[in-house]
>>> print(open('model08.cif').read())   # mmCIF, C-alpha atoms (C1' of nucleotides)
data_data
#
loop_
_atom_site.label_atom_id
_atom_site.label_comp_id
_atom_site.auth_asym_id
_atom_site.auth_seq_id
_atom_site.Cartn_x
_atom_site.Cartn_y
_atom_site.Cartn_z
CA MET A 1 -7.23 10.15 -1.07
CA LYS A 2 -7.98 7.88 1.84
CA ILE A 3 -5.01 6.15 3.49
CA ALA A 4 -5.44 3.57 6.23
CA THR A 5 -3.26 1.47 8.50
CA TYR A 6 -4.32 -1.81 10.10
CA ASN A 7 -2.36 -4.28 12.20
CA VAL A 8 -4.14 -7.46 11.14
CA ASN A 9 -2.42 -9.86 13.56
CA GLY A 10 -2.16 -12.70 11.05
CA ILE A 11 -3.45 -12.07 7.53
CA HIS A 12 -4.78 -15.61 7.03
CA ALA A 13 -6.78 -15.67 10.23
CA ARG A 14 -7.95 -12.15 9.44
CA LEU A 15 -8.77 -12.51 5.76
CA PRO A 16 -12.60 -12.42 6.00
CA VAL A 17 -12.49 -9.39 8.30
CA LEU A 18 -9.87 -7.67 6.13
CA LEU A 19 -11.83 -8.18 2.91
CA ARG A 20 -15.07 -7.01 4.50
CA TRP A 21 -13.38 -3.90 5.92
CA LEU A 22 -11.76 -3.05 2.56
CA GLU A 23 -15.03 -3.46 0.69
CA GLU A 24 -17.05 -1.45 3.19
CA THR A 25 -14.65 1.45 3.69
CA ALA A 26 -12.77 1.43 0.35
CA PRO A 27 -9.48 3.08 1.33
CA ASP A 28 -7.29 4.06 -1.63
CA VAL A 29 -4.24 2.82 0.26
CA ALA A 30 -4.04 0.35 3.13
CA CYS A 31 -0.87 -0.36 5.12
CA LEU A 32 -0.97 -3.72 6.89
CA GLN A 33 1.23 -5.04 9.68
CA GLU A 34 1.80 -8.37 11.38
CA LEU A 35 1.05 -10.44 8.31
CA LYS A 36 2.66 -13.46 10.02
CA THR A 37 3.08 -15.22 6.70
CA PRO A 38 6.01 -16.17 4.46
CA GLN A 39 6.45 -14.12 1.29
CA GLU A 40 5.04 -16.86 -0.97
CA LYS A 41 1.88 -17.41 1.05
CA PHE A 42 0.52 -13.86 0.96
CA PRO A 43 -3.14 -14.01 -0.20
CA GLU A 44 -2.56 -11.87 -3.27
CA GLN A 45 -5.41 -13.31 -5.35
CA ALA A 46 -8.09 -12.76 -2.70
CA LEU A 47 -7.14 -9.07 -2.63
CA LEU A 48 -6.99 -8.81 -6.42
CA ASP A 49 -10.49 -10.27 -6.55
CA ILE A 50 -11.82 -7.24 -4.70
CA GLY A 51 -9.73 -4.72 -6.64
CA TYR A 52 -6.61 -4.28 -4.49
CA GLN A 53 -3.07 -4.70 -5.74
CA ALA A 54 -0.28 -5.12 -3.21
CA VAL A 55 3.39 -5.14 -2.44
CA TRP A 56 4.46 -6.99 0.67
CA HIS A 57 7.44 -8.07 2.74
CA GLY A 58 6.62 -11.33 4.42
CA GLN A 59 8.29 -13.42 7.11
CA LYS A 60 7.44 -16.83 8.47
CA SER A 61 5.42 -16.66 11.72
CA TRP A 62 6.24 -13.10 12.72
CA ASN A 63 6.07 -9.49 11.57
CA GLY A 64 5.42 -8.78 7.88
CA VAL A 65 4.12 -5.58 6.25
CA ALA A 66 2.15 -4.82 3.09
CA ILE A 67 0.95 -1.80 1.12
CA LEU A 68 -2.32 -2.18 -0.81
CA ALA A 69 -3.75 0.22 -3.38
CA LYS A 70 -7.19 0.21 -4.95
CA GLY A 71 -7.13 -0.21 -8.71
CA GLN A 72 -3.40 0.26 -9.15
CA LYS A 73 -0.10 -1.34 -8.27
CA PRO A 74 1.85 0.41 -5.52
CA GLU A 75 5.28 1.22 -6.92
CA GLU A 76 7.75 -0.18 -4.42
CA VAL A 77 10.50 2.19 -3.36
CA GLY A 78 12.31 -0.05 -0.89
CA ARG A 79 12.09 -2.51 1.96
CA GLY A 80 13.89 -2.64 5.27
CA LEU A 81 15.92 0.06 6.97
CA ALA A 82 19.60 0.81 6.52
CA GLY A 83 21.99 0.63 9.43
CA ASP A 84 21.92 -2.99 10.58
CA PRO A 85 22.82 -5.70 8.06
CA GLU A 86 21.97 -8.40 10.63
CA ASP A 87 18.36 -7.25 11.06
CA ASP A 88 16.25 -9.72 9.08
CA GLN A 89 12.84 -8.82 10.52
CA SER A 90 10.20 -7.67 8.01
CA ARG A 91 9.05 -4.41 9.50
CA TYR A 92 9.34 -1.66 6.89
CA LEU A 93 8.16 -1.12 3.33
CA GLU A 94 7.88 1.94 1.10
CA ALA A 95 5.85 2.50 -2.04
CA MET A 96 4.59 5.39 -4.17
CA VAL A 97 0.86 5.70 -4.83
CA ASN A 98 -0.58 8.69 -6.72
CA GLY A 99 2.58 10.69 -6.10
CA VAL A 100 2.49 10.13 -2.33
CA LEU A 101 5.31 8.17 -0.75
CA ILE A 102 3.87 5.71 1.74
CA GLY A 103 6.05 4.26 4.49
CA CYS A 104 4.47 1.26 6.22
CA LEU A 105 6.06 0.28 9.51
CA TYR A 106 5.75 -2.23 12.31
CA LEU A 107 7.98 -0.87 15.04
CA PRO A 108 9.29 -3.47 17.52
CA ASN A 109 7.28 -3.98 20.68
CA GLY A 110 10.36 -3.90 22.91
CA ASN A 111 9.11 -5.86 25.91
CA PRO A 112 10.41 -6.89 28.31
CA ALA A 113 12.15 -3.64 29.16
CA PRO A 114 14.89 -3.12 29.91
CA GLY A 115 16.64 -5.84 27.94
CA PRO A 116 17.82 -6.82 24.47
CA LYS A 117 14.36 -6.50 22.92
CA PHE A 118 14.01 -2.97 24.24
CA ASP A 119 17.49 -2.16 22.95
CA TYR A 120 16.45 -3.47 19.54
CA LYS A 121 13.34 -1.28 19.63
CA LEU A 122 15.34 1.86 20.34
CA ARG A 123 17.98 1.02 17.72
CA TRP A 124 15.25 0.34 15.17
CA PHE A 125 13.63 3.65 16.08
CA ASP A 126 16.94 5.47 15.47
CA ARG A 127 17.31 3.85 12.05
CA PHE A 128 13.71 4.78 11.25
CA LYS A 129 14.31 8.39 12.26
CA THR A 130 17.31 8.49 9.94
CA ARG A 131 15.12 7.31 7.07
CA ALA A 132 12.35 9.75 8.03
CA LYS A 133 14.78 12.64 7.88
CA GLU A 134 15.92 11.58 4.43
CA LEU A 135 12.31 11.50 3.28
CA LEU A 136 11.68 15.02 4.58
CA ALA A 137 14.56 16.20 2.44
CA SER A 138 12.97 14.70 -0.68
CA ASP A 139 10.34 16.39 -2.81
CA ALA A 140 7.56 13.87 -2.39
CA PRO A 141 4.71 14.25 0.10
CA VAL A 142 5.09 11.43 2.65
CA VAL A 143 2.81 9.48 4.97
CA LEU A 144 4.43 7.22 7.59
CA ALA A 145 1.71 4.83 8.68
CA GLY A 146 1.75 1.85 10.95
CA ASP A 147 1.94 0.25 14.35
CA TYR A 148 4.51 2.36 16.20
CA ASN A 149 4.13 0.44 19.45
CA VAL A 150 4.35 3.77 21.24
CA ILE A 151 1.75 5.33 23.53
CA PRO A 152 2.65 8.98 22.88
CA THR A 153 1.13 10.56 26.01
CA GLU A 154 -0.93 9.73 29.09
CA GLN A 155 -3.94 10.79 27.07
CA ASP A 156 -3.42 7.74 24.86
CA ALA A 157 -3.85 4.97 27.43
CA TYR A 158 -6.85 3.79 29.38
CA LYS A 159 -4.86 3.62 32.60
CA PRO A 160 -1.48 5.18 31.90
CA GLU A 161 -0.16 4.42 35.38
CA ARG A 162 -0.24 0.73 34.49
CA TRP A 163 2.07 1.27 31.54
CA VAL A 164 4.90 3.33 32.98
CA GLU A 165 7.32 0.39 33.05
CA ASP A 166 6.17 -0.97 29.70
CA ALA A 167 8.23 -0.64 26.52
CA LEU A 168 5.30 1.09 24.81
CA PHE A 169 5.23 3.92 27.31
CA ARG A 170 8.71 4.16 28.83
CA PRO A 171 10.33 7.60 28.63
CA GLU A 172 12.81 6.44 25.99
CA SER A 173 10.00 5.32 23.66
CA ARG A 174 7.98 8.48 24.13
CA ALA A 175 11.06 10.63 23.66
CA ALA A 176 11.89 8.84 20.42
CA PHE A 177 8.39 9.50 19.12
CA GLU A 178 8.66 13.17 20.14
CA ASP A 179 12.06 13.45 18.44
CA LEU A 180 10.57 12.02 15.28
CA LYS A 181 7.69 14.50 15.29
CA ASP A 182 10.16 17.32 15.97
CA GLN A 183 11.71 16.63 12.58
CA GLY A 184 8.53 18.18 11.19
CA TRP A 185 5.97 15.37 11.12
CA THR A 186 2.33 15.81 12.12
CA ASP A 187 0.45 13.15 14.10
CA ALA A 188 -2.69 13.27 11.95
CA LEU A 189 -5.29 11.94 14.41
CA ARG A 190 -4.05 14.03 17.32
CA HIS A 191 -3.79 17.09 15.08
CA LEU A 192 -7.49 16.92 14.22
CA TYR A 193 -8.65 15.78 17.66
CA PRO A 194 -6.31 17.33 20.25
CA ALA A 195 -8.51 16.58 23.24
CA GLU A 196 -10.36 13.39 22.26
CA THR A 197 -9.82 9.96 23.74
CA ILE A 198 -8.68 7.92 20.75
CA TYR A 199 -7.69 4.26 20.93
CA THR A 200 -6.50 1.96 18.17
CA PHE A 201 -5.78 -1.21 20.18
CA TRP A 202 -7.79 -3.18 22.72
CA ASP A 203 -6.20 -6.36 23.99
CA TYR A 204 -7.96 -9.70 23.88
CA PHE A 205 -8.01 -10.05 27.65
CA ARG A 206 -10.56 -9.00 30.19
CA ASN A 207 -13.11 -7.75 27.68
CA ALA A 208 -10.87 -4.77 26.95
CA TYR A 209 -12.86 -3.68 23.90
CA GLY A 210 -16.18 -3.90 25.73
CA ARG A 211 -14.76 -1.74 28.52
CA ASN A 212 -12.96 0.56 26.05
CA ALA A 213 -9.72 -0.20 27.87
CA GLY A 214 -7.52 0.73 24.94
CA LEU A 215 -4.30 2.26 23.75
CA ARG A 216 -3.44 4.60 20.87
CA ILE A 217 -0.38 3.02 19.27
CA ASP A 218 -1.16 3.04 15.52
CA HIS A 219 -0.30 6.37 13.95
CA LEU A 220 -0.18 8.20 10.63
CA LEU A 221 2.47 10.90 10.42
CA LEU A 222 2.31 13.53 7.67
CA SER A 223 5.17 15.42 6.07
CA PRO A 224 4.79 19.22 6.31
CA LYS A 225 3.38 19.79 2.86
CA LEU A 226 0.55 17.34 3.56
CA THR A 227 -0.66 18.85 6.81
CA ASN A 228 -2.89 21.38 5.08
CA SER A 229 -4.34 18.62 2.90
CA LEU A 230 -5.68 16.68 5.89
CA VAL A 231 -9.47 16.87 5.82
CA SER A 232 -10.62 14.05 8.10
CA ALA A 233 -9.39 11.08 10.11
CA GLY A 234 -10.71 8.36 12.35
CA VAL A 235 -10.58 4.86 13.78
CA ASP A 236 -12.90 2.18 12.42
CA ARG A 237 -13.39 0.96 15.95
CA GLU A 238 -16.46 -1.15 15.16
CA VAL A 239 -14.20 -3.50 13.18
CA ARG A 240 -12.58 -4.43 16.50
CA GLY A 241 -15.96 -5.78 17.57
CA TRP A 242 -16.41 -8.05 14.56
CA GLU A 243 -16.15 -11.82 14.86
CA LYS A 244 -12.52 -13.02 14.57
CA SER A 245 -11.16 -9.49 14.85
CA SER A 246 -7.58 -8.34 15.25
CA ASP A 247 -6.73 -6.76 18.58
CA HIS A 248 -6.09 -3.53 16.64
CA GLY A 249 -8.64 -1.43 14.78
CA PRO A 250 -8.02 0.23 11.39
CA VAL A 251 -7.00 3.90 11.44
CA TRP A 252 -7.46 6.20 8.44
CA ILE A 253 -6.97 9.70 7.10
CA GLU A 254 -8.46 11.54 4.15
CA LEU A 255 -6.19 13.89 2.20
CA ASN A 256 -7.48 16.46 -0.26
CA ILE A 257 -4.91 16.01 -3.02
"C1'" DA B 1 -0.65 -9.60 42.08
"C1'" DT B 2 -2.13 -12.67 38.68
"C1'" DG B 3 -3.98 -14.15 34.44
"C1'" DA B 4 -6.96 -13.43 31.11
"C1'" DC B 5 -7.06 -14.19 24.79
"C1'" DC B 6 -5.25 -14.83 20.17
"C1'" DC B 7 -1.79 -16.02 16.41
"C1'" DG B 8 1.13 -19.46 13.79
"C1'" DA B 9 4.04 -22.65 14.39
"C1'" DT B 10 3.41 -28.74 13.56
"C1'" DC B 11 3.71 -29.28 19.25
"C1'" DT B 12 -1.58 -31.14 21.99
"C1'" DT B 13 2.16 -27.00 23.76
"C1'" DC B 14 4.86 -22.92 23.07
"C1'" DG B 15 6.82 -18.17 22.17
"C1'" DG B 16 5.27 -13.77 21.14
"C1'" DG B 17 2.17 -10.22 21.30
"C1'" DA B 18 1.08 -5.30 24.12
#
>>> encode(input="model08.cif", output="structure tokens")
Amino acid sequence: MKIATYNVNGIHARLPVLLRWLEETAPDVACLQELKTPQEKFPEQALLDIGYQAVWHGQKSWNGVAILAKGQKPEEVGRGLAGDPEDDQSRYLEAMVNGVLIGCLYLPNGNPAPGPKFDYKLRWFDRFKTRAKELLASDAPVVLAGDYNVIPTEQDAYKPERWVEDALFRPESRAAFEDLKDQGWTDALRHLYPAETIYTFWDYFRNAYGRNAGLRIDHLLLSPKLTNSLVSAGVDREVRGWEKSSDHGPVWIELNI
DNA sequence: ATGACCCGATCTTCGGGA
């Protein structure tokens, strides 16, 4: 079972690239972030035409997450996180596919930091950790996939010294990610490739992709019972070089279940 | 040190992204 995550940075602008990537790599499940489209304008039919059914949580202009499955309808479990009734941003969606619970997340960026946006990021992270702990207590195998907007370690940035004041790399953000993993989650890519340079994002400026000036901020976390099922993982980094690409590349894992 | 590039808004310019 192949599960991927891809921050598309606008699903309408990205549709040709998204469809090509799905057809060429054929993931069984694809978690998408930054749809940037209202609920009613999600391009459901274009995905159906190539064999993908979807559940999604849209929002005008910003955010938005979706879970796609090949040849079947993802069974939605829930949307949004508990703990803040005033939070109306579309950043979290859960669905079951083939007995695996998939959590698709778009964690807040948090810049500028410090400030209210950084506070929101850390509060959101706390609410997410609460949900993650609940999921660990359930029976289902779980994959938490998405754009975490966290650079976990110095190994995960092209020039980490440039990011020390940034919300993606500040100690609070890294500590939150560590706390989450300490619940029992496995960072799939890092687990298979402990010493490799792995990036999932290259910004649009300064020819970052051409220079491989990237960050690793998109992650797939596995619940304990899935760790032994992990057989391979990677980043489809060539997609970042396609015409009209997102600034993120797709990240995927293959589970033997 | 700065600004560089994209997105979706409905504005020919802006906020947000990371």
>>> resolve_selection(input="model08.cif", expression="the PyMOL selection byres ((chain A) within 12 of (chain B))", output="ChimeraX atom specification")
/A:7-14,34-38,59-63,108-112,117,147-151,157,163,166-169,201-208,214-217,244-248
>>> closest_residue(input="model08.cif", among="A:Leu144, A:Ala46, A:Leu220, A:Ala69", to="A:Leu18", atoms="only C-alpha atoms")
A:Ala46
>>> atom_distance(input="model08.cif", atom1="atom CA of A:Ala66", atom2="atom CA of A:Phe118")
24.3 Å
>>> resolve_selection(input="model08.cif", expression="the PyMOL selection byres ((chain A and resi 231) around 12)", output="ChimeraX atom specification")
/A:1-3,188-189,191-193,226-230,232-234,252-257
>>> closest_residue(input="model08.cif", among="A:Glu196, A:Glu172, A:Glu86, A:Glu134", to="A:Ala113", atoms="only C-alpha atoms")
A:Glu172
>>> residues_around(input="model08.cif", residues="stretch 122-132 of chain A", least_positions_apart="2", cutoff="9 Å", atoms="all atoms listed in the file", output="list in words")
Leu81, Ala82, Gly83, Asp84, Tyr92, Leu107, Pro108, Gly110, Lys117, Phe118, Asp119, Tyr120, Glu134, Leu135, Leu136, Ala137, Leu144, Glu172, Ser173, Ala176, Phe177, Asp179, Leu180 and Gln183 of chain A
>>> atom_distance(input="model08.cif", atom1="atom CA of A:Asp87", atom2="atom CA of A:Arg170")
23.2 Å
>>> atom_distance(input="model08.cif", atom1="atom CA of A:Glu24", atom2="atom CA of A:Gln155")
29.9 Å
>>> residues_around(input="model08.cif", residues="A:Ile50", least_positions_apart="5", cutoff="12 Å", atoms="all atoms listed in the file", output="PyMOL selection string")
chain A and resi 16+18-24+26+43-45+68-71
>>> write_last_selection(input="model08.cif", atoms="C-alpha atoms", output="short mmCIF file (atom, residue, chain, number, x, y, z; two decimals), keeping the file's coordinate frame")
data_model
loop_
_atom_site.label_atom_id
_atom_site.label_comp_id
_atom_site.auth_asym_id
_atom_site.auth_seq_id
_atom_site.Cartn_x
_atom_site.Cartn_y
_atom_site.Cartn_z
CA PRO A 16 -12.60 -12.42 6.00
CA LEU A 18 -9.87 -7.67 6.13
CA LEU A 19 -11.83 -8.18 2.91
CA ARG A 20 -15.07 -7.01 4.50
CA TRP A 21 -13.38 -3.90 5.92
CA LEU A 22 -11.76 -3.05 2.56
CA GLU A 23 -15.03 -3.46 0.69
CA GLU A 24 -17.05 -1.45 3.19
CA ALA A 26 -12.77 1.43 0.35
CA PRO A 43 -3.14 -14.01 -0.20
CA GLU A 44 -2.56 -11.87 -3.27
CA GLN A 45 -5.41 -13.31 -5.35
CA LEU A 68 -2.32 -2.18 -0.81
CA ALA A 69 -3.75 0.22 -3.38
CA LYS A 70 -7.19 0.21 -4.95
CA GLY A 71 -7.13 -0.21 -8.71
#
>>> axis_aligned_box(input="model08.cif", around="stretch 114-131 of chain A", padding_each_side="3 Å", output="AutoDock Vina command-line options")
--center_x 15.7 --center_y 0.8 --center_z 18.5 --size_x 10.6 --size_y 21.3 --size_z 28.8
>>> residues_near_point(input="model08.cif", point="(5.8, -13.9, -2.7)", cutoff="9 Å", atoms="all atoms listed in the file", output="short mmCIF file (atom, residue, chain, number, x, y, z; two decimals) with C-alpha atoms, keeping the file's coordinate frame")
data_model
loop_
_atom_site.label_atom_id
_atom_site.label_comp_id
_atom_site.auth_asym_id
_atom_site.auth_seq_id
_atom_site.Cartn_x
_atom_site.Cartn_y
_atom_site.Cartn_z
CA PRO A 38 6.01 -16.17 4.46
CA GLN A 39 6.45 -14.12 1.29
CA GLU A 40 5.04 -16.86 -0.97
CA LYS A 41 1.88 -17.41 1.05
CA PHE A 42 0.52 -13.86 0.96
CA GLU A 44 -2.56 -11.87 -3.27
CA TRP A 56 4.46 -6.99 0.67
CA HIS A 57 7.44 -8.07 2.74
CA GLY A 58 6.62 -11.33 4.42
#
>>> residues_near_point(input="model08.cif", point="(-0.8, 8.1, -5.9)", cutoff="10 Å", atoms="only C-alpha atoms (C1' of nucleotides)", output="list in words")
Met1, Asp28, Val29, Ala69, Gln72, Lys73, Pro74, Glu75, Ala95, Met96, Val97, Asn98, Gly99, Val100, Leu101, Ile102 and Ile257 of chain A
